[in-house]
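Have a look at query_8.txt below; it lists compact mmCIF, C-alpha atoms.
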# COMPACT_ATOMS: atom_id res chain seq x y z
CA MET O 1 -17.92 12.14 5.01
CA ARG O 2 -19.21 11.43 8.49
CA THR O 3 -22.94 11.70 7.88
CA ASP O 4 -23.29 8.15 6.58
CA LEU O 5 -21.53 6.59 9.55
CA ILE O 6 -24.69 6.06 11.54
CA ASP O 7 -25.48 2.66 9.97
CA LEU O 8 -22.06 1.25 10.70
CA ARG O 9 -21.67 -1.98 12.58
CA LEU O 10 -18.45 -3.57 13.71
CA ALA O 11 -18.89 -7.18 14.68
CA GLY O 12 -16.72 -10.09 15.70
CA LYS O 13 -18.01 -13.64 15.77
CA ASP O 14 -16.38 -16.59 17.46
CA LEU O 15 -13.02 -14.79 17.55
CA ALA O 16 -9.96 -16.56 18.85
CA CYS O 17 -6.54 -15.20 19.54
CA GLU O 18 -3.32 -17.07 20.11
CA ARG O 19 -0.03 -15.56 21.20
CA GLY O 20 3.20 -17.45 21.57
CA GLY O 21 1.34 -20.77 21.35
CA ARG O 22 -0.99 -19.85 24.22
CA LEU O 23 -4.70 -19.41 23.57
CA VAL O 24 -5.54 -15.95 24.95
CA PHE O 25 -9.27 -16.09 24.26
CA SER O 26 -11.64 -18.01 22.02
CA GLY O 27 -15.29 -18.00 21.08
CA LEU O 28 -15.51 -14.26 21.60
CA ASN O 29 -18.56 -12.45 20.18
CA PHE O 30 -19.17 -8.71 20.21
CA SER O 31 -20.77 -6.03 18.12
CA VAL O 32 -20.72 -2.25 18.18
CA SER O 33 -22.94 0.06 16.16
CA GLY O 34 -22.44 3.67 15.19
CA GLY O 35 -22.59 5.96 18.23
CA GLU O 36 -21.93 3.15 20.68
CA ALA O 37 -18.99 2.56 22.97
CA LEU O 38 -17.72 -0.78 24.17
CA VAL O 39 -15.40 -1.01 27.14
CA VAL O 40 -13.30 -4.14 27.31
CA THR O 41 -12.40 -5.13 30.85
CA GLY O 42 -10.64 -8.06 32.43
CA ARG O 43 -7.65 -8.97 34.53
CA ASN O 44 -4.09 -8.43 33.31
CA GLY O 45 -3.30 -10.80 30.48
CA ALA O 46 -6.94 -11.49 29.68
CA GLY O 47 -6.37 -10.25 26.14
CA LYS O 48 -7.76 -6.69 26.17
CA SER O 49 -4.88 -5.25 24.17
CA SER O 50 -4.76 -8.34 21.98
CA LEU O 51 -8.42 -7.86 21.06
CA LEU O 52 -7.83 -4.24 20.07
CA ARG O 53 -4.77 -5.15 18.00
CA LEU O 54 -6.71 -7.97 16.41
CA ILE O 55 -9.49 -5.57 15.36
CA ALA O 56 -6.87 -3.14 14.04
CA GLY O 57 -5.39 -5.89 11.90
CA LEU O 58 -2.09 -5.82 13.79
CA LEU O 59 -2.50 -9.34 15.08
CA ARG O 60 -3.60 -12.39 13.15
CA LYS O 61 -6.77 -13.98 14.44
CA ALA O 62 -6.57 -17.67 15.20
CA GLY O 63 -10.22 -18.18 14.23
CA GLY O 64 -13.59 -16.54 13.75
CA GLN O 65 -14.83 -13.66 11.66
CA LEU O 66 -14.39 -9.93 12.02
CA GLY O 67 -16.03 -7.37 9.81
CA ILE O 68 -17.41 -3.91 9.47
CA THR O 69 -20.61 -3.31 7.56
CA GLY O 70 -22.08 -0.10 6.23
CA GLY O 71 -18.73 1.62 5.73
CA ASP O 72 -16.30 1.75 2.85
CA ASP O 73 -16.42 -1.74 1.36
CA GLU O 74 -13.00 -1.33 -0.24
CA ALA O 75 -11.21 -0.63 3.04
CA THR O 76 -10.22 -3.15 5.69
CA VAL O 77 -11.31 -2.72 9.31
CA GLY O 78 -7.81 -1.50 10.13
CA GLU O 79 -7.97 1.19 7.46
CA GLN O 80 -11.20 2.50 9.00
CA SER O 81 -9.85 2.49 12.53
CA HIS O 82 -7.65 4.62 14.69
CA TYR O 83 -5.44 2.70 17.09
CA LEU O 84 -4.20 4.41 20.22
CA GLY O 85 -1.85 1.92 21.84
CA HIS O 86 0.68 2.07 24.63
CA LEU O 87 3.27 3.52 22.27
CA ASP O 88 2.76 7.04 21.00
CA ALA O 89 4.41 6.85 17.56
CA VAL O 90 6.03 10.23 18.12
CA LYS O 91 9.44 10.96 16.58
CA PRO O 92 11.56 12.99 19.04
CA SER O 93 13.55 14.82 16.36
CA LEU O 94 10.49 16.17 14.56
CA SER O 95 8.49 19.08 15.93
CA VAL O 96 5.02 18.58 17.39
CA GLY O 97 3.45 20.05 14.25
CA GLU O 98 5.57 17.94 11.89
CA ASN O 99 4.69 14.76 13.77
CA LEU O 100 0.98 15.42 13.53
CA GLN O 101 1.16 16.67 9.94
CA PHE O 102 2.90 13.46 8.85
CA TRP O 103 0.34 11.15 10.43
CA ALA O 104 -2.54 13.28 9.18
CA THR O 105 -1.25 13.07 5.61
CA TYR O 106 -0.26 9.42 5.83
CA LEU O 107 -3.52 8.25 7.38
CA GLY O 108 -5.55 10.10 4.80
CA ALA O 109 -6.67 13.53 5.98
CA PRO O 110 -8.13 15.60 3.12
CA ARG O 111 -5.41 17.41 1.19
CA GLY O 112 -4.56 20.83 2.58
CA ALA O 113 -6.59 20.38 5.78
CA PRO O 114 -4.87 22.37 8.55
CA ILE O 115 -3.73 20.54 11.67
CA GLY O 116 -4.29 23.60 13.87
CA PRO O 117 -7.77 22.60 15.08
CA ALA O 118 -6.57 19.12 16.06
CA LEU O 119 -3.70 20.61 18.08
CA GLU O 120 -6.16 23.06 19.68
CA ALA O 121 -8.39 20.14 20.64
CA VAL O 122 -5.62 18.64 22.78
CA ASP O 123 -4.28 22.01 23.92
CA LEU O 124 -0.89 21.71 22.21
CA ALA O 125 -1.28 24.54 19.68
CA GLN O 126 1.28 26.78 21.35
CA LEU O 127 3.90 23.99 21.35
CA SER O 128 3.57 23.30 17.61
CA ASP O 129 7.19 24.22 16.80
CA LEU O 130 8.78 22.48 19.78
CA PRO O 131 10.78 19.30 19.03
CA ALA O 132 8.76 16.40 20.38
CA ALA O 133 11.80 15.23 22.38
CA TYR O 134 10.92 17.89 24.99
CA LEU O 135 7.36 16.70 25.53
CA SER O 136 6.30 15.00 28.75
CA ALA O 137 4.65 11.60 28.68
CA GLY O 138 1.21 13.19 29.01
CA GLN O 139 1.89 15.70 26.25
CA ARG O 140 3.09 12.92 23.92
CA ARG O 141 -0.12 11.09 24.68
CA ARG O 142 -2.13 14.19 23.78
CA LEU O 143 -0.20 14.56 20.52
CA SER O 144 -1.11 10.98 19.79
CA ILE O 145 -4.78 11.73 20.50
CA ALA O 146 -4.64 14.73 18.15
CA ARG O 147 -4.21 12.20 15.33
CA LEU O 148 -7.72 10.86 15.97
CA VAL O 149 -9.12 14.37 15.56
CA ALA O 150 -7.05 15.28 12.48
CA VAL O 151 -8.15 12.27 10.43
CA ALA O 152 -11.79 11.18 10.41
CA ARG O 153 -12.09 7.42 10.85
CA PRO O 154 -15.23 5.75 12.18
CA VAL O 155 -13.68 3.30 14.68
CA TRP O 156 -11.52 4.39 17.60
CA LEU O 157 -9.57 1.60 19.31
CA LEU O 158 -8.25 3.00 22.57
CA ASP O 159 -5.92 1.04 24.80
CA GLU O 160 -6.09 2.60 28.25
CA PRO O 161 -6.36 6.08 26.73
CA THR O 162 -6.27 7.98 30.00
CA SER O 163 -2.88 6.71 31.17
CA ALA O 164 -0.44 9.60 31.79
CA LEU O 165 -3.19 12.19 31.26
CA ASP O 166 -3.97 14.84 33.90
CA SER O 167 -7.59 15.46 34.87
CA ALA O 168 -8.04 18.44 32.52
CA SER O 169 -6.78 16.33 29.61
CA GLN O 170 -9.03 13.44 30.65
CA ASP O 171 -12.00 15.82 30.48
CA ARG O 172 -10.92 16.99 27.03
CA LEU O 173 -10.61 13.38 25.86
CA ALA O 174 -14.08 12.61 27.25
CA GLU O 175 -15.41 15.58 25.27
CA LEU O 176 -13.70 14.37 22.07
CA MET O 177 -15.12 10.88 22.55
CA ARG O 178 -18.61 12.34 23.09
CA LYS O 179 -18.34 14.33 19.84
CA HIS O 180 -17.05 11.30 17.97
CA ARG O 181 -20.02 9.21 19.09
CA ALA O 182 -22.48 12.02 18.42
CA SER O 183 -21.30 12.08 14.81
CA GLY O 184 -21.90 8.34 14.48
CA GLY O 185 -18.45 7.01 15.30
CA MET O 186 -17.82 4.06 17.58
CA ILE O 187 -15.30 3.40 20.31
CA VAL O 188 -13.79 0.19 21.59
CA ALA O 189 -11.66 0.88 24.63
CA ALA O 190 -9.64 -1.29 26.97
CA ALA O 191 -9.66 0.06 30.48
CA HIS O 192 -9.42 -0.84 34.14
CA GLY O 193 -11.39 2.11 35.47
CA PRO O 194 -13.89 4.64 34.12
CA ILE O 195 -12.48 6.68 31.23
CA GLY O 196 -15.29 9.20 30.91
CA LEU O 197 -17.58 7.41 28.47
CA ASP O 198 -21.35 7.88 28.82
CA GLU O 199 -23.30 4.64 29.09
CA PRO O 200 -20.68 2.30 27.65
CA ARG O 201 -21.44 -1.36 27.11
CA GLU O 202 -19.07 -3.74 28.76
CA LEU O 203 -17.29 -6.77 27.42
CA LYS O 204 -15.66 -8.80 30.16
CA LEU O 205 -12.74 -10.94 29.06
CA GLY O 206 -11.26 -13.89 30.82
CA VAL O 207 -14.41 -15.10 32.62
CA MET O 208 -14.50 -18.40 30.77
CA GLY O 209 -10.99 -19.48 31.62
CA MET H 210 0.63 8.97 -3.62
CA THR H 211 0.46 11.76 -1.04
CA ALA H 212 1.00 9.19 1.69
CA PHE H 213 3.98 7.73 -0.22
CA LEU H 214 5.61 11.16 -0.56
CA ALA H 215 4.82 12.07 3.04
CA LEU H 216 6.59 8.95 4.30
CA LEU H 217 9.55 9.48 1.96
CA LEU H 218 9.98 13.07 3.11
CA ARG H 219 9.54 12.18 6.79
CA ASP H 220 12.25 9.53 6.62
CA MET H 221 14.63 11.87 4.81
CA ARG H 222 13.95 14.59 7.35
CA LEU H 223 14.54 12.16 10.23
CA ALA H 224 17.81 11.04 8.67
CA MET H 225 19.06 14.58 8.28
CA ARG H 226 18.13 15.76 11.77
CA VAL H 227 20.45 15.35 14.75
CA GLY H 228 21.10 11.67 15.43
CA GLY H 229 19.66 10.63 12.09
CA GLY H 230 22.93 9.46 10.63
CA ALA H 231 22.38 10.54 7.02
CA LEU H 232 26.05 11.27 6.33
CA MET H 233 27.37 8.42 8.47
CA GLY H 234 27.50 6.12 5.45
CA ALA H 235 29.43 8.57 3.30
CA LEU H 236 31.82 9.32 6.17
CA PHE H 237 32.47 5.62 6.84
CA TYR H 238 33.07 5.07 3.12
CA PHE H 239 35.46 8.01 2.94
CA ILE H 240 37.48 6.85 5.95
CA MET H 241 37.65 3.26 4.76
CA VAL H 242 38.92 4.23 1.30
CA ALA H 243 41.26 6.85 2.74
CA MET H 244 42.86 4.30 5.07
CA THR H 245 43.48 1.79 2.28
CA PRO H 246 46.74 3.34 0.97
CA PHE H 247 48.15 3.34 4.50
CA ALA H 248 47.35 -0.33 4.91
CA VAL H 249 48.55 -1.43 1.47
CA GLY H 250 51.62 0.78 1.19
CA PRO H 251 52.74 3.20 -1.49
CA ASP H 252 52.65 0.77 -4.43
CA LEU H 253 50.72 2.85 -6.97
CA ASN H 254 50.11 0.01 -9.45
CA LEU H 255 48.74 -2.22 -6.71
CA LEU H 256 46.43 0.57 -5.53
CA THR H 257 45.06 1.03 -9.04
CA ARG H 258 44.45 -2.69 -9.29
CA ILE H 259 42.60 -3.11 -5.97
CA GLY H 260 40.94 0.33 -6.13
CA PRO H 261 37.58 -0.80 -7.56
CA ALA H 262 37.32 -3.64 -5.04
CA MET H 263 38.01 -1.29 -2.11
CA LEU H 264 35.48 1.24 -3.37
CA TRP H 265 32.79 -1.38 -3.81
CA LEU H 266 33.46 -3.06 -0.46
CA GLY H 267 33.32 0.34 1.22
CA ALA H 268 30.02 1.14 -0.48
CA LEU H 269 28.58 -2.25 0.44
CA LEU H 270 29.44 -1.98 4.13
CA ALA H 271 28.44 1.68 4.32
CA SER H 272 25.01 1.04 2.87
CA LEU H 273 24.38 -1.72 5.41
CA LEU H 274 25.55 0.50 8.27
CA ALA H 275 22.26 2.20 9.12
CA LEU H 276 19.99 -0.37 7.52
CA ASP H 277 19.26 -2.43 10.64
CA ARG H 278 17.54 0.57 12.21
CA LEU H 279 15.30 1.10 9.16
CA PHE H 280 12.29 -0.69 10.65
CA ALA H 281 13.56 -1.21 14.20
CA THR H 282 13.02 2.43 15.26
CA ASP H 283 9.52 2.47 13.78
CA HIS H 284 8.76 -0.80 15.48
CA ASP H 285 10.02 0.36 18.87
CA ASP H 286 8.02 3.59 18.99
CA GLY H 287 4.79 2.16 17.61
CA SER H 288 5.00 3.90 14.23
CA LEU H 289 5.11 0.60 12.37
CA ASP H 290 1.63 -0.29 13.69
CA LEU H 291 0.21 2.91 12.27
CA LEU H 292 2.11 2.53 8.99
CA MET H 293 0.31 -0.78 8.55
CA MET H 294 -3.08 0.84 9.15
CA GLY H 295 -2.81 3.38 6.33
CA ALA H 296 -4.57 2.99 3.00
CA LEU H 297 -1.15 2.86 1.32
CA PRO H 298 -0.19 -0.77 0.59
CA LEU H 299 2.59 -1.93 2.91
CA GLU H 300 4.74 -2.80 -0.12
CA LEU H 301 4.73 0.85 -1.21
CA ALA H 302 5.30 2.13 2.32
CA VAL H 303 8.32 -0.13 2.60
CA ALA H 304 9.58 1.05 -0.80
CA ALA H 305 9.23 4.69 0.28
CA LYS H 306 11.40 3.99 3.31
CA ALA H 307 14.01 2.24 1.17
CA ILE H 308 14.15 5.09 -1.34
CA ALA H 309 14.56 7.59 1.49
CA HIS H 310 17.38 5.45 2.90
CA TRP H 311 19.08 5.27 -0.50
CA LEU H 312 18.80 9.03 -1.03
CA THR H 313 20.29 9.86 2.37
CA THR H 314 22.93 7.12 2.63
CA ALA H 315 24.00 5.94 -0.83
CA LEU H 316 23.66 9.13 -2.84
CA PRO H 317 26.13 11.22 -0.76
CA LEU H 318 28.58 8.32 -1.02
CA ILE H 319 28.32 8.32 -4.82
CA VAL H 320 28.80 12.07 -4.94
CA ILE H 321 32.14 11.93 -3.09
CA THR H 322 33.41 8.92 -5.07
CA PRO H 323 35.18 10.86 -7.90
CA VAL H 324 37.34 12.68 -5.32
CA LEU H 325 38.50 9.42 -3.77
CA GLY H 326 40.34 8.49 -6.99
CA LEU H 327 43.20 10.58 -5.60
CA MET H 328 43.70 8.09 -2.80
CA LEU H 329 43.74 5.08 -5.11
CA ASN H 330 45.78 6.42 -8.04
CA VAL H 331 42.85 6.37 -10.46
CA GLU H 332 42.25 8.99 -13.16
CA LEU H 333 39.42 11.40 -12.42
CA SER H 334 37.75 10.52 -15.74
CA ALA H 335 37.71 6.82 -14.82
CA MET H 336 36.30 7.65 -11.38
CA GLY H 337 33.28 9.14 -13.10
CA TRP H 338 32.58 5.68 -14.54
CA VAL H 339 33.12 4.03 -11.17
CA ALA H 340 30.61 6.45 -9.64
CA LEU H 341 28.22 5.42 -12.41
CA THR H 342 28.57 1.73 -11.47
CA LEU H 343 27.80 2.65 -7.85
CA LEU H 344 24.77 4.64 -9.00
CA ALA H 345 23.53 1.60 -10.87
CA GLY H 346 24.40 -0.95 -8.18
CA THR H 347 23.67 0.62 -4.78
CA PRO H 348 19.85 0.47 -5.21
CA ALA H 349 20.24 -3.31 -5.33
CA LEU H 350 22.20 -3.21 -2.05
CA THR H 351 19.53 -1.09 -0.36
CA PHE H 352 16.58 -3.13 -1.60
CA ILE H 353 18.19 -6.48 -0.74
CA GLY H 354 19.11 -5.07 2.67
CA LEU H 355 15.48 -4.03 3.06
CA ILE H 356 14.45 -7.68 3.21
CA GLY H 357 17.00 -8.37 5.92
CA ALA H 358 15.89 -5.30 7.90
CA ALA H 359 12.26 -6.46 7.80
CA LEU H 360 13.21 -10.00 8.83
CA ALA H 361 15.33 -8.66 11.67
CA VAL H 362 12.27 -6.82 13.05
CA ALA H 363 10.03 -9.84 12.60
CA LEU H 364 12.50 -12.08 14.40
CA ARG H 365 13.30 -9.50 17.11
CA ARG H 366 17.04 -9.70 16.48
CA GLY H 367 18.79 -6.82 14.78
CA GLY H 368 22.29 -5.98 13.77
CA LEU H 369 24.39 -9.07 13.39
CA LEU H 370 21.61 -11.17 11.92
CA LEU H 371 21.08 -8.55 9.24
CA ALA H 372 24.69 -8.78 8.10
CA VAL H 373 24.59 -12.57 8.10
CA LEU H 374 21.35 -12.64 6.10
CA VAL H 375 22.08 -9.90 3.65
CA LEU H 376 25.77 -10.06 2.80
CA PRO H 377 25.67 -13.39 0.92
CA LEU H 378 22.78 -12.10 -1.20
CA THR H 379 24.83 -9.09 -2.27
CA ILE H 380 27.66 -11.16 -3.74
CA PRO H 381 26.37 -10.98 -7.36
CA VAL H 382 26.09 -7.21 -7.07
CA LEU H 383 29.65 -7.05 -5.75
CA ILE H 384 31.01 -9.25 -8.55
CA PHE H 385 29.41 -7.34 -11.39
CA GLY H 386 29.99 -3.98 -9.74
CA VAL H 387 33.72 -4.58 -9.37
CA ALA H 388 33.89 -6.08 -12.88
CA ALA H 389 32.30 -2.98 -14.38
CA ALA H 390 34.50 -0.64 -12.34
CA ASN H 391 37.63 -2.61 -13.33
CA ALA H 392 36.63 -2.40 -16.97
CA ALA H 393 36.34 1.37 -16.64
CA ILE H 394 39.72 1.82 -14.91
CA VAL H 395 42.12 -0.73 -16.36
CA GLY H 396 40.26 -2.52 -19.15
CA PRO H 397 40.59 -4.42 -21.40
CA ALA H 398 37.24 -6.17 -20.88
CA PRO H 399 34.27 -4.11 -22.12
CA PHE H 400 32.30 -2.00 -19.64
CA GLY H 401 28.88 -2.73 -21.11
CA PRO H 402 28.05 -6.34 -20.17
CA PRO H 403 28.81 -6.23 -16.41
CA PHE H 404 27.20 -2.81 -16.18
CA THR H 405 24.01 -4.07 -17.83
CA VAL H 406 23.85 -7.02 -15.44
CA LEU H 407 24.33 -4.60 -12.56
CA CYS H 408 21.36 -2.53 -13.78
CA ALA H 409 19.30 -5.71 -14.11
CA LEU H 410 20.15 -6.75 -10.53
CA SER H 411 19.06 -3.34 -9.27
CA LEU H 412 15.79 -3.40 -11.19
CA ALA H 413 14.99 -6.94 -10.05
CA SER H 414 15.63 -6.15 -6.39
CA LEU H 415 13.63 -2.93 -6.77
CA VAL H 416 10.62 -5.09 -7.62
CA LEU H 417 11.23 -8.08 -5.33
CA GLY H 418 12.59 -6.27 -2.26
CA PRO H 419 9.42 -4.40 -1.21
CA PHE H 420 7.21 -7.48 -1.65
CA ALA H 421 9.54 -9.70 0.34
CA ALA H 422 10.03 -7.09 3.06
CA ALA H 423 6.28 -6.45 3.39
CA ALA H 424 5.64 -10.19 3.58
CA ALA H 425 8.28 -10.49 6.31
CA LEU H 426 6.70 -7.66 8.30
CA ARG H 427 3.23 -9.19 8.00
CA GLN H 428 4.64 -12.54 9.09
CA GLY H 429 6.03 -10.87 12.18
CA LEU H 430 2.63 -9.48 13.27
CA GLU H 431 2.29 -10.10 16.95

Rewrite the coordinates I just gave you, this time as structure tokens.
Amino acid sequence: MRTDLIDLRLAGKDLACERGGRLVFSGLNFSVSGGEALVVTGRNGAGKSSLLRLIAGLLRKAGGQLGITGGDDEATVGEQSHYLGHLDAVKPSLSVGENLQFWATYLGAPRGAPIGPALEAVDLAQLSDLPAAYLSAGQRRRLSIARLVAVARPVWLLDEPTSALDSASQDRLAELMRKHRASGGMIVAAAHGPIGLDEPRELKLGVMG
Amino acid sequence: MTAFLALLLRDMRLAMRVGGGALMGALFYFIMVAMTPFAVGPDLNLLTRIGPAMLWLGALLASLLALDRLFATDHDDGSLDLLMMGALPLELAVAAKAIAHWLTTALPLIVITPVLGLMLNVELSAMGWVALTLLAGTPALTFIGLIGAALAVALRRGGLLLAVLVLPLTIPVLIFGVAAANAAIVGPAPFGPPFTVLCALSLASLVLGPFAAAAALRQGLE
């Protein structure tokens, strides 16, 4: 499933975004190919999160074109992307395993694929039966990251992925991102500081206005 | 289809866990009907006459009780974002949530209905028919409420707005539901016609509700 990802290209042309009647950005161009990483930087309110949500299809664009070529033509960009936002989408009354199993099934993991390896990848395997209500902020974040491992999708949209993570977890995330890119996936991340990506390209928002 | 079932089962599981409020609706319904004789007094004929109306009002309010949280919790913890990014069409995802809500809120209420005949001086055999009208009519309540729940999320105002939006739309269901239940208990009007209309209302809202709710959620993208 992942071997044909190498020819992928995610591109936005002349994108504009409006929120609450205020133009956040306009005339934005970017493109990412398989294996590449793009780090979106800019001051607070420059529209980093808005851009990621716009790519994910969670925000309507006010203008421009956005598309992904070389992937599944039937699926939208959002259906080929993982979105890791500020909220973790973790239900406190379900166990860690149940939370991950639900998202894996819902987001389209192959039938019967075990979630064990994904939990191992974020070092939560031994907490699988614990209700998620008892997790710390960092552990919830890791459970959220496990979703990206459990379901293979070519685009990762990461909104400040290292927030709440300790240094060991940041290293593990860096390793996961390296593997994802090595297998032809691409990453668009919003960040203020380095998040452990090798040779990322940078997209600076908010310089025009 | 796997995604549809996964969402249905997750919502049912959430409702049945601590704090989920699955039996809240049935409990509210039970208390409301049980209090009626104390409010009205021991006039058995009067109780029989207003019985169907009390049962249907109780069912209506009980099924709206937990509905405002249907999308609000998913919106607040970020789950709604991810639900929109699945390959499952949003209309079906929304329908799965509504079915789960109906199974955990309305179904228990229908199951206890025959017992409540005791409180309202209605024969047990007639209560079976009343339960049948609820079985046919409550899906309409849930699926109409679904639209209100989606709008409430899109407009960032829950609770009160939902009641104001949804209750007027449920009036036809209430009219035909009570008419069918009355026909079953006291007659002499036939049971068939109002019951058939009730089924039609449920089927129509089953089709329209998910589309309208999904459109409302998409409108609220921000």

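For the set H:Ala340, H:Val382, H:Ile319, H:Leu430, the residue with the smallest atom-to-atom gap to Leu54 in chain O is H:Leu430, counting all atoms listed in the file.
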
Rows by chain and residue number, chain O within 8 Å of chain H, shortest pair, only C-alpha atoms, as CSV:
residue,atom,partner,partner_atom,distance
O:Arg19,CA,H:Glu431,CA,7.3
O:Ala56,CA,H:Met294,CA,7.4
O:Gly57,CA,H:Met294,CA,7.6
O:Leu58,CA,H:Leu430,CA,6.0
O:Leu59,CA,H:Glu431,CA,5.2
O:Arg60,CA,H:Leu430,CA,6.9
O:Ala75,CA,H:Ala296,CA,7.6
O:Gly78,CA,H:Met294,CA,5.4
O:Glu79,CA,H:Met294,CA,5.2
O:Ser81,CA,H:Met294,CA,7.7
O:Tyr83,CA,H:Leu291,CA,7.4
O:Gly85,CA,H:Gly287,CA,7.9
O:Leu87,CA,H:Gly287,CA,5.1
O:Asp88,CA,H:Gly287,CA,6.3
O:Ala89,CA,H:Ser288,CA,4.5
O:Val90,CA,H:Asp286,CA,7.0
O:Lys91,CA,H:Asp286,CA,7.9
O:Ser93,CA,H:Arg226,CA,6.6
O:Leu94,CA,H:Leu223,CA,7.2
O:Phe102,CA,H:Ala215,CA,6.3
O:Thr105,CA,H:Ala212,CA,6.0
O:Tyr106,CA,H:Ala212,CA,4.3
O:Leu107,CA,H:Gly295,CA,5.0
O:Gly108,CA,H:Ala212,CA,7.3

Quick one: everything within 8 Å of Gln80 in chain O, counting all atoms listed in the file, minus sequence neighbours fewer than 5 positions away in the same chain. Send it as a tab-separated table (two decimals) with C-alpha atoms, in the frame of the given file.
chain	number	residue	atom	x	y	z
O	75	ALA	CA	-11.21	-0.63	3.04
O	153	ARG	CA	-12.09	7.42	10.85
O	154	PRO	CA	-15.23	5.75	12.18
O	155	VAL	CA	-13.68	3.30	14.68

Report task. Could you check which of O:Ala104, O:Leu203, O:Leu173, O:Val151 is closest to Val122 in chain O, using all atoms listed in the file? Result ->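 Ranked by minimum distance to Val122 in chain O, first place goes to O:Leu173.
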
Query raised in the report: Any idea what the distance is between CA of Leu157 in chain O and CA of Leu15 in chain O?
Result: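 Separation between CA of Leu157 in chain O and CA of Leu15 in chain O: 16.8 Å.
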
Quick one: range 375-386 of chain H with N, CA and C atoms, as an mmCIF file, in the coordinates of the input?
data_model
loop_
_atom_site.group_PDB
_atom_site.id
_atom_site.type_symbol
_atom_site.label_atom_id
_atom_site.label_comp_id
_atom_site.auth_asym_id
_atom_site.auth_seq_id
_atom_site.Cartn_x
_atom_site.Cartn_y
_atom_site.Cartn_z
ATOM 1 N N VAL H 375 22.060 -10.736 4.856
ATOM 2 C CA VAL H 375 22.080 -9.900 3.650
ATOM 3 C C VAL H 375 23.372 -10.038 2.846
ATOM 4 N N LEU H 376 24.505 -10.112 3.537
ATOM 5 C CA LEU H 376 25.770 -10.060 2.800
ATOM 6 C C LEU H 376 25.909 -11.139 1.718
ATOM 7 N N PRO H 377 25.535 -12.398 1.999
ATOM 8 C CA PRO H 377 25.670 -13.390 0.920
ATOM 9 C C PRO H 377 24.821 -13.046 -0.309
ATOM 10 N N LEU H 378 23.655 -12.438 -0.070
ATOM 11 C CA LEU H 378 22.780 -12.100 -1.200
ATOM 12 C C LEU H 378 23.351 -10.977 -2.068
ATOM 13 N N THR H 379 24.300 -10.214 -1.510
ATOM 14 C CA THR H 379 24.830 -9.090 -2.270
ATOM 15 C C THR H 379 26.049 -9.480 -3.101
ATOM 16 N N ILE H 380 26.448 -10.741 -3.015
ATOM 17 C CA ILE H 380 27.660 -11.160 -3.740
ATOM 18 C C ILE H 380 27.557 -10.916 -5.258
ATOM 19 N N PRO H 381 26.438 -11.273 -5.916
ATOM 20 C CA PRO H 381 26.370 -10.980 -7.360
ATOM 21 C C PRO H 381 26.549 -9.499 -7.668
ATOM 22 N N VAL H 382 25.959 -8.657 -6.842
ATOM 23 C CA VAL H 382 26.090 -7.210 -7.070
ATOM 24 C C VAL H 382 27.555 -6.807 -6.974
ATOM 25 N N LEU H 383 28.231 -7.372 -5.960
ATOM 26 C CA LEU H 383 29.650 -7.050 -5.750
ATOM 27 C C LEU H 383 30.482 -7.501 -6.960
ATOM 28 N N ILE H 384 30.221 -8.709 -7.428
ATOM 29 C CA ILE H 384 31.010 -9.250 -8.550
ATOM 30 C C ILE H 384 30.861 -8.389 -9.796
ATOM 31 N N PHE H 385 29.617 -8.101 -10.163
ATOM 32 C CA PHE H 385 29.410 -7.340 -11.390
ATOM 33 C C PHE H 385 29.770 -5.864 -11.218
ATOM 34 N N GLY H 386 29.600 -5.358 -10.011
ATOM 35 C CA GLY H 386 29.990 -3.980 -9.740
ATOM 36 C C GLY H 386 31.492 -3.802 -9.907
#
